[in-house]
Amino acid sequence: MKNIPELLSPAGSLDKLKIAILYGADAVYCGGQKFGLRTASDNFTEAELREGVLFAHERNSKVYVVLNGFLHDEDLEELPSFLRLLEEIKVDAVIVSDLGVIETVKNNCNVPVHLSTQASCLNTESARFWKSKGVERVVLGREVTLKEAKKIKEEADIEVEVFVHGSMCMAYSGNCTISNYTQGRDSNRGGCAHSCRFEYSIDYKGGAQTKSTFMSSKDLEGVALLPEFVHSGVDSIKVEGRMKGPHYAGTITKIYADALKELSLEGEISKESLAYYDSELMKVTHRDYSSASLGAPAGADSIYNEREHDEKEYEVSGVVADLVEGEFILLEVRHAFYVGDELELLPFKGKSQPFRASSVLNFIGEVREKTKPGELVKIPWISGAEKLNLVRRRLAL
Amino acid sequence: MKGITYLTNATELKFLKENLIDQVIIEPISLSRLGKLSIDEVNALAKDASENGIKTYLEWDILMVEDNFISSLEEFKKIDLTYISALRVQDPGALLWCLENTDLDIHLNLETGNHNLRGINSWLDTNRSRITRIILSIEWSQQQLKDLLPKVDCEVEFLGMGRILLFYTPRYLLKSGLSESEAALEMKDTNHWIEASGQSEESPHKGFPLLENKHGTFMFLPSDHCLLDHHKELTDLGIKHLRIDNRFMDESLERVVYQFLKSPLEESFDRIKELSPQRLIRGFFNTNKSDVLFKKLKNHRIQRIDENYLGQILEVNKKNYLALKLKNPVRHLTCGAKLRLITPDGKEKKLEVQRLQDCQGTDLETATGEDLVFINHVGGISVKAAVYFDEI
Ligand code: SF4
């Protein structure tokens with residue numbers, strides 16, 4: 001199948017950048033230390049950015065840097081030197097939402113500009129407008145259907161990127177200032193307090209009363225719609241989630257990368273594969289899934305009518321830091337586990353492999369009955385393991 | 001400075017004229033977020049207003065996905081533009097379409113974002129002769145406006161009094177919580193218009209006004225924006241048009257507001273406060289500190305790298321070893337090397353490498369590139385410490 005779109009994954013840290021690329025991302029997006037919307041994610045230092053771009057380019061992947069806050073004049077003064085750095089280290093594009101930032105990029109470097117979804121580009125005329133301002137790609141608002149995305153791409157003759165997976169802002173992106181007024185935090189400069197996830201009591205003017213999380217959106221999920229993504233001709237499909245952990249970055253990237261590969265080789269995704277991808281999607285912490293507006297404008301079934309909860313089926317036990325073939329895996333522990341626990345290795349290619357942590361030793365050979373996050377431990381060798389593979393554990397539900 | 005408000009029926013014209021309001025916004029249901037007028041009503045009202053010497057501006061402020069854009073255009077084309085003096089748009093698609101397909105003045109709504117001069121100028125550069133007014137966000141503080149406005153070559157409109165919109169989604173969030181019969185009751189006598197008030201135990205604010213109509217759901221702040229008592233400062237700043245959002249005011253309040261604009265007496269301002277349906281606030285006018293926390297939250301790990309940068313500490317095992325992830329593709333680490341370690345909180349330690357091993361515990365002569373190595377321990381070091389060769 002032709003026109004397989006680029007798979008663009010979130011990279012909230014250098015670690016996650018490498019994991020996403022190794023699990024199959026064609027491109028990743030990350031933030032510098034300033035100018036983005038994710039104040040709480042591990043934004044990259046200069047050193048990390050350099051290393052990340054080098055790592056990506058060596059593997060034919062691209063790195064886009066997010067500068068999508070609605071910046072104030074004083075922020076713009078600091079931007080040119082950062083832009084020159086991005087150009088020097090050969091970042092592949094910047095993702096921008098503010099016209100002042102676009103102007104500043106255009107005047108200071110030759111890095112291509114992608115318009116952030118934060119600018120809510122929703123129609124052909126809007127895409128034509130942004131193109132006239134020098135934008136090479138628009139990340140469409142999550143309200144746009146795939147059919148509309150196809151038309152926008154064809155008629156505005158511009159690269160188009162569409163979200164395929166992840167959490168959703170219930171408002172038109174860039175059109176929510178709840179946090180600004182209720183928490184004193186600018187949601188368009190990284191301060192969103194997720195007030196839309198709260199439970200509200202609602203008194204209707206006509207007398208009805210309800211209590212619900214009526215402003216809370218289900219998560220977006222589009223694996224089954226990938227053939228339609230391909231048909232629409234969109235250039236890139238994007239996974240949301242720079243704030244999420246390495247398990248999310250690796251697992252979700254792998255699911256979509258594998259599904260796209262199958263689509264490109266077989267021309268379709270088989271029922272069995274879809275069932276497998278669905279089961280894998282369930283292993284990552286998520287709210288109920290919805291295809292939101294990908295097929296038709298999001299309806300009542302896209303509202304997440306539950307309180308926010310942190311139930312998860314699996315967690316990352318660790319990341320493979322090193323290994324000696326046939327002998328052991330050196331695991332950098334992320335979440336504590338016990339000797340004897342049933343774990344699962346997520347290889348870059350192929351299905352996950354369950355195994356038992358029958359022995360756990362530290363570097364100097366001491367037995368570790370219970371591991372703790374941050375330590376390096378040796379566990380038994382598993383065939384097919386590679387550096388930066390994820391090892392995860394099923395949680396008792 | 002001139003007042004501007006919304007016109008919803010012909011009977012208001014006389015009242016507005018008496019109160020020296022000579023420019024109004026009219027909102028068709030199909031094109032405006034809070035519009036209630038049919039196209040026929042829009043055409044008739046615009047004509048009436050024009051005959052009364054009042055300028056009429058057409059509000060086309062909804063955001064539109066492609067299909068909505070096409071259907072909105074069909075509606076737009078039914079409007080008789082003869083009596084319309086300007087088009088008010090926010091969606092860049094609507095802006096471009098209006099510039100290319102009409103010859104009317106454009107009032108560009110920049111109330112969402114747009115907090116820098118460079119961006120504002122770039123919007124204006126799209127067509128300086130046609131974009132004759134911009135509507136700025138009330139998140140601009142007085143000081144910021146003072147710096148900005150002398151440099152903006154365009155008339156500026158600002159919200160003087162009215163609701164503060166917090167949230168706009170195309171999804172129908174209020175209807176979805178109701179049964180069919182409840183929804184029918186709520187929408188009785190209205191054309192898809194549901195009003196409610198919401199509160200959450202997780203927010204200290206109570207009574208958020210909520211509204212759902214054919215364009216989606218809107219949430220407002222439980223306090224209204226009011227800068228009427230700063231009328232003079234706003235004029236001095238160079239703001240030319242002050243918008244009075246009368247859509248949620250009753251006539252008695254509106255009357256006192258216009259009276260105050262004509263002659264700003266303290267008693268009438270007190271009366272305004274009394275009559276207002278919600279508490280009045282100045283929002284961010286005095287100061288906007290909504291990014292103070294944002295600046296604090298920013299991660300300030302300014303770890304400049306140079307050719308002496310070697311890598312990062314991955315694990316600290318007290319008195320035994322440090323695990324070091326090498327990240328310098330060029331420089332080699334050998335036993336005897338002198339290192340400088342800087343913890344994330346800035347503490348610095350020195351160390352001479354006496355032991356250098358791989359993950360199997362084999363002694364190494366040299367390590368480089370992406371290797372993970374184990375070296376002798378030094379106290380006071382934490383995970384993620386940056387490691388440098390200790391050289392001048
Ligand atoms: S509160 Fe919700 S709708 Fe508002 S910006 Fe945050 S995620 Fe988006």
# chains A, B, ... in the order shown; residues from 1 in each chain; ligands from 1
>>> residues_around(residues="stretch 344-361 of chain B", least_positions_apart="5", cutoff="6 Å", atoms="only C-alpha atoms", output="PyMOL selection string")
chain B and resi 335-339+373-376+385
>>> write_last_selection(atoms="all heavy atoms", output="PDB file, in the first residue's frame")
ATOM      1  N   CYS B 335      41.506   4.428  33.507  1.00  0.00           N
ATOM      2  CA  CYS B 335      41.818   4.478  34.935  1.00  0.00           C
ATOM      3  C   CYS B 335      42.782   5.631  35.179  1.00  0.00           C
ATOM      4  O   CYS B 335      43.661   5.891  34.355  1.00  0.00           O
ATOM      5  CB  CYS B 335      42.481   3.160  35.352  1.00  0.00           C
ATOM      6  SG  CYS B 335      41.330   2.057  36.146  1.00  0.00           S
ATOM      7  N   GLY B 336      42.636   6.295  36.297  1.00  0.00           N
ATOM      8  CA  GLY B 336      43.518   7.414  36.615  1.00  0.00           C
ATOM      9  C   GLY B 336      42.943   8.754  36.181  1.00  0.00           C
ATOM     10  O   GLY B 336      43.418   9.813  36.606  1.00  0.00           O
ATOM     11  N   ALA B 337      41.883   8.720  35.334  1.00  0.00           N
ATOM     12  CA  ALA B 337      41.307   9.988  34.869  1.00  0.00           C
ATOM     13  C   ALA B 337      40.722  10.757  36.047  1.00  0.00           C
ATOM     14  O   ALA B 337      40.195  10.161  36.997  1.00  0.00           O
ATOM     15  CB  ALA B 337      40.212   9.706  33.839  1.00  0.00           C
ATOM     16  N   LYS B 338      40.857  12.077  35.992  1.00  0.00           N
ATOM     17  CA  LYS B 338      40.285  12.914  37.054  1.00  0.00           C
ATOM     18  C   LYS B 338      38.949  13.477  36.549  1.00  0.00           C
ATOM     19  O   LYS B 338      38.878  14.036  35.462  1.00  0.00           O
ATOM     20  CB  LYS B 338      41.249  14.039  37.389  1.00  0.00           C
ATOM     21  CG  LYS B 338      42.520  13.531  38.050  1.00  0.00           C
ATOM     22  CD  LYS B 338      43.329  14.682  38.610  1.00  0.00           C
ATOM     23  CE  LYS B 338      44.473  14.232  39.496  1.00  0.00           C
ATOM     24  NZ  LYS B 338      45.380  13.258  38.903  1.00  0.00           N
ATOM     25  N   LEU B 339      37.910  13.277  37.390  1.00  0.00           N
ATOM     26  CA  LEU B 339      36.569  13.675  36.964  1.00  0.00           C
ATOM     27  C   LEU B 339      35.963  14.713  37.903  1.00  0.00           C
ATOM     28  O   LEU B 339      36.326  14.779  39.082  1.00  0.00           O
ATOM     29  CB  LEU B 339      35.641  12.451  36.928  1.00  0.00           C
ATOM     30  CG  LEU B 339      36.071  11.265  36.068  1.00  0.00           C
ATOM     31  CD1 LEU B 339      35.037  10.142  36.142  1.00  0.00           C
ATOM     32  CD2 LEU B 339      36.293  11.671  34.624  1.00  0.00           C
ATOM     33  N   VAL B 373      29.601   1.921  32.284  1.00  0.00           N
ATOM     34  CA  VAL B 373      30.751   1.424  33.064  1.00  0.00           C
ATOM     35  C   VAL B 373      30.504   1.631  34.557  1.00  0.00           C
ATOM     36  O   VAL B 373      29.646   2.429  34.958  1.00  0.00           O
ATOM     37  CB  VAL B 373      32.060   2.131  32.638  1.00  0.00           C
ATOM     38  CG1 VAL B 373      32.435   1.791  31.206  1.00  0.00           C
ATOM     39  CG2 VAL B 373      31.964   3.637  32.855  1.00  0.00           C
ATOM     40  N   PHE B 374      31.289   0.912  35.345  1.00  0.00           N
ATOM     41  CA  PHE B 374      31.183   0.999  36.804  1.00  0.00           C
ATOM     42  C   PHE B 374      32.515   1.499  37.327  1.00  0.00           C
ATOM     43  O   PHE B 374      33.568   0.944  36.981  1.00  0.00           O
ATOM     44  CB  PHE B 374      30.809  -0.377  37.368  1.00  0.00           C
ATOM     45  CG  PHE B 374      29.425  -0.799  36.930  1.00  0.00           C
ATOM     46  CD1 PHE B 374      29.206  -1.359  35.666  1.00  0.00           C
ATOM     47  CD2 PHE B 374      28.329  -0.599  37.755  1.00  0.00           C
ATOM     48  CE1 PHE B 374      27.928  -1.710  35.248  1.00  0.00           C
ATOM     49  CE2 PHE B 374      27.049  -0.957  37.340  1.00  0.00           C
ATOM     50  CZ  PHE B 374      26.846  -1.507  36.089  1.00  0.00           C
ATOM     51  N   ILE B 375      32.466   2.556  38.131  1.00  0.00           N
ATOM     52  CA  ILE B 375      33.693   3.131  38.667  1.00  0.00           C
ATOM     53  C   ILE B 375      33.579   3.199  40.192  1.00  0.00           C
ATOM     54  O   ILE B 375      32.495   2.983  40.758  1.00  0.00           O
ATOM     55  CB  ILE B 375      33.964   4.549  38.079  1.00  0.00           C
ATOM     56  CG1 ILE B 375      32.781   5.496  38.375  1.00  0.00           C
ATOM     57  CG2 ILE B 375      34.232   4.474  36.576  1.00  0.00           C
ATOM     58  CD1 ILE B 375      33.006   6.934  37.916  1.00  0.00           C
ATOM     59  N   ASN B 376      34.707   3.557  40.830  1.00  0.00           N
ATOM     60  CA  ASN B 376      34.707   3.626  42.286  1.00  0.00           C
ATOM     61  C   ASN B 376      33.764   4.718  42.788  1.00  0.00           C
ATOM     62  O   ASN B 376      33.508   5.707  42.096  1.00  0.00           O
ATOM     63  CB  ASN B 376      36.130   3.863  42.803  1.00  0.00           C
ATOM     64  CG  ASN B 376      36.884   4.880  41.983  1.00  0.00           C
ATOM     65  OD1 ASN B 376      37.090   4.667  40.781  1.00  0.00           O
ATOM     66  ND2 ASN B 376      37.280   5.960  42.615  1.00  0.00           N
ATOM     67  N   ALA B 385      23.753  12.869  38.116  1.00  0.00           N
ATOM     68  CA  ALA B 385      24.844  13.851  38.176  1.00  0.00           C
ATOM     69  C   ALA B 385      25.541  13.858  36.820  1.00  0.00           C
ATOM     70  O   ALA B 385      25.707  12.816  36.182  1.00  0.00           O
ATOM     71  CB  ALA B 385      25.820  13.477  39.278  1.00  0.00           C
TER      72      ALA B 385
END
>>> interface_residues(of="chain A", to="chain B", cutoff="6 Å", atoms="only C-alpha atoms", output="ChimeraX atom specification")
/A:39,47,70,72-73,99-100,122-123,125-126,144,148,171-172,175-178,184-186,199-206,214,300,375
>>> write_last_selection(atoms="N, CA, C and O atoms", output="tab-separated table (two decimals), in the first residue's frame")
chain	number	residue	atom	x	y	z
A	39	THR	N	5.22	22.14	30.77
A	39	THR	CA	6.18	22.53	31.78
A	39	THR	C	6.57	21.35	32.65
A	39	THR	O	7.65	21.30	33.19
A	47	ALA	N	22.33	19.66	25.59
A	47	ALA	CA	23.09	18.43	25.36
A	47	ALA	C	22.18	17.30	24.93
A	47	ALA	O	22.48	16.53	24.01
A	70	PHE	N	1.75	30.32	23.55
A	70	PHE	CA	1.41	31.64	23.00
A	70	PHE	C	2.36	32.61	23.70
A	70	PHE	O	2.11	33.00	24.84
A	72	HIS	N	4.87	35.74	24.85
A	72	HIS	CA	4.79	37.18	25.07
A	72	HIS	C	6.05	37.82	24.48
A	72	HIS	O	7.02	37.12	24.19
A	73	ASP	N	6.02	39.13	24.34
A	73	ASP	CA	7.15	39.79	23.68
A	73	ASP	C	8.50	39.46	24.33
A	73	ASP	O	9.48	39.24	23.63
A	99	LEU	N	1.70	33.46	15.62
A	99	LEU	CA	2.25	34.14	14.44
A	99	LEU	C	3.55	34.88	14.75
A	99	LEU	O	4.43	34.96	13.91
A	100	GLY	N	3.64	35.42	15.97
A	100	GLY	CA	4.87	36.11	16.35
A	100	GLY	C	6.05	35.16	16.35
A	100	GLY	O	7.18	35.51	15.96
A	122	LEU	N	-8.64	24.30	11.09
A	122	LEU	CA	-9.76	23.37	10.96
A	122	LEU	C	-10.30	23.25	9.54
A	122	LEU	O	-11.11	22.37	9.27
A	123	ASN	N	-9.90	24.15	8.66
A	123	ASN	CA	-10.50	24.12	7.32
A	123	ASN	C	-9.50	24.53	6.25
A	123	ASN	O	-8.41	25.04	6.57
A	125	GLU	N	-9.44	26.97	4.02
A	125	GLU	CA	-9.07	28.38	3.93
A	125	GLU	C	-8.07	28.73	5.02
A	125	GLU	O	-7.12	29.49	4.80
A	126	SER	N	-8.27	28.15	6.19
A	126	SER	CA	-7.35	28.41	7.29
A	126	SER	C	-5.97	27.84	6.95
A	126	SER	O	-4.94	28.50	7.16
A	144	VAL	N	-11.42	17.78	13.34
A	144	VAL	CA	-11.50	17.57	11.89
A	144	VAL	C	-11.63	16.07	11.60
A	144	VAL	O	-10.89	15.26	12.15
A	148	GLU	N	-12.42	15.29	5.95
A	148	GLU	CA	-12.12	16.71	5.83
A	148	GLU	C	-10.61	16.94	5.69
A	148	GLU	O	-10.16	17.81	4.93
A	171	ALA	N	-11.78	21.24	24.81
A	171	ALA	CA	-12.03	22.50	24.10
A	171	ALA	C	-11.34	22.48	22.74
A	171	ALA	O	-10.46	21.66	22.50
A	172	TYR	N	-11.75	23.39	21.87
A	172	TYR	CA	-10.93	23.64	20.68
A	172	TYR	C	-9.56	24.03	21.22
A	172	TYR	O	-9.46	24.91	22.10
A	175	ASN	N	-8.35	27.33	22.97
A	175	ASN	CA	-9.57	28.08	23.32
A	175	ASN	C	-10.08	27.75	24.71
A	175	ASN	O	-11.29	27.70	24.94
A	176	CYS	N	-9.16	27.45	25.61
A	176	CYS	CA	-9.57	27.20	26.98
A	176	CYS	C	-8.67	28.00	27.92
A	176	CYS	O	-7.45	27.89	27.86
A	177	THR	N	-9.29	28.83	28.73
A	177	THR	CA	-8.50	29.61	29.70
A	177	THR	C	-9.02	29.36	31.11
A	177	THR	O	-8.92	30.23	31.98
A	178	ILE	N	-9.56	28.17	31.35
A	178	ILE	CA	-10.10	27.89	32.69
A	178	ILE	C	-8.98	28.06	33.73
A	178	ILE	O	-9.16	28.72	34.76
A	184	GLY	N	-4.82	30.84	38.16
A	184	GLY	CA	-3.73	31.79	37.92
A	184	GLY	C	-2.60	31.18	37.11
A	184	GLY	O	-1.46	31.60	37.22
A	185	ARG	N	-2.91	30.18	36.30
A	185	ARG	CA	-1.87	29.53	35.49
A	185	ARG	C	-2.30	29.57	34.03
A	185	ARG	O	-3.38	29.13	33.69
A	186	ASP	N	-1.44	30.09	33.19
A	186	ASP	CA	-1.79	30.27	31.79
A	186	ASP	C	-1.77	28.93	31.06
A	186	ASP	O	-0.73	28.33	30.85
A	199	GLU	N	-15.18	16.58	38.39
A	199	GLU	CA	-16.60	16.25	38.42
A	199	GLU	C	-17.38	17.53	38.76
A	199	GLU	O	-16.99	18.27	39.68
A	200	TYR	N	-18.44	17.81	38.04
A	200	TYR	CA	-19.23	19.02	38.26
A	200	TYR	C	-20.68	18.65	38.59
A	200	TYR	O	-21.24	17.72	38.01
A	201	SER	N	-21.27	19.43	39.49
A	201	SER	CA	-22.72	19.35	39.67
A	201	SER	C	-23.31	20.39	38.74
A	201	SER	O	-22.83	21.53	38.71
A	202	ILE	N	-24.31	20.00	38.01
A	202	ILE	CA	-24.90	20.93	37.03
A	202	ILE	C	-26.37	21.17	37.35
A	202	ILE	O	-27.14	20.23	37.50
A	203	ASP	N	-26.70	22.44	37.48
A	203	ASP	CA	-28.10	22.83	37.66
A	203	ASP	C	-28.57	23.46	36.37
A	203	ASP	O	-28.09	24.54	35.99
A	204	TYR	N	-29.49	22.80	35.70
A	204	TYR	CA	-30.01	23.31	34.44
A	204	TYR	C	-31.07	24.35	34.71
A	204	TYR	O	-31.80	24.27	35.72
A	205	LYS	N	-31.16	25.33	33.80
A	205	LYS	CA	-32.13	26.41	33.97
A	205	LYS	C	-33.56	25.87	34.03
A	205	LYS	O	-34.40	26.39	34.77
A	206	GLY	N	-33.82	24.80	33.26
A	206	GLY	CA	-35.18	24.24	33.24
A	206	GLY	C	-35.47	23.33	34.42
A	206	GLY	O	-36.56	22.76	34.51
A	214	PHE	N	-18.75	15.94	32.91
A	214	PHE	CA	-19.32	16.20	31.58
A	214	PHE	C	-18.37	16.87	30.60
A	214	PHE	O	-18.62	16.89	29.41
A	300	ALA	N	-21.91	12.16	21.99
A	300	ALA	CA	-22.00	11.98	23.44
A	300	ALA	C	-21.13	10.82	23.92
A	300	ALA	O	-20.63	10.84	25.04
A	375	GLU	N	17.85	1.51	40.51
A	375	GLU	CA	19.04	0.63	40.60
A	375	GLU	C	19.18	-0.22	39.35
A	375	GLU	O	18.24	-0.41	38.57
>>> residues_near_ligand(ligand="ligand 1", cutoff="6 Å", atoms="only C-alpha atoms and all ligand atoms", output="PyMOL selection string")
chain A and resi 169-171+176+187+192-196
>>> residues_around(residues="A:Arg50", least_positions_apart="5", cutoff="9 Å", atoms="only C-alpha atoms", output="JSON, numbers by chain")
{"A": [45, 55, 86, 89, 90, 91]}
>>> select_by_dssp(residues="stretch 98-254 of chain A", states="strand (DSSP E or B)", output="ChimeraX atom specification")
/A:113-115,121,137-140,159-166,176,200-204,209-212,217,219-221,236-239
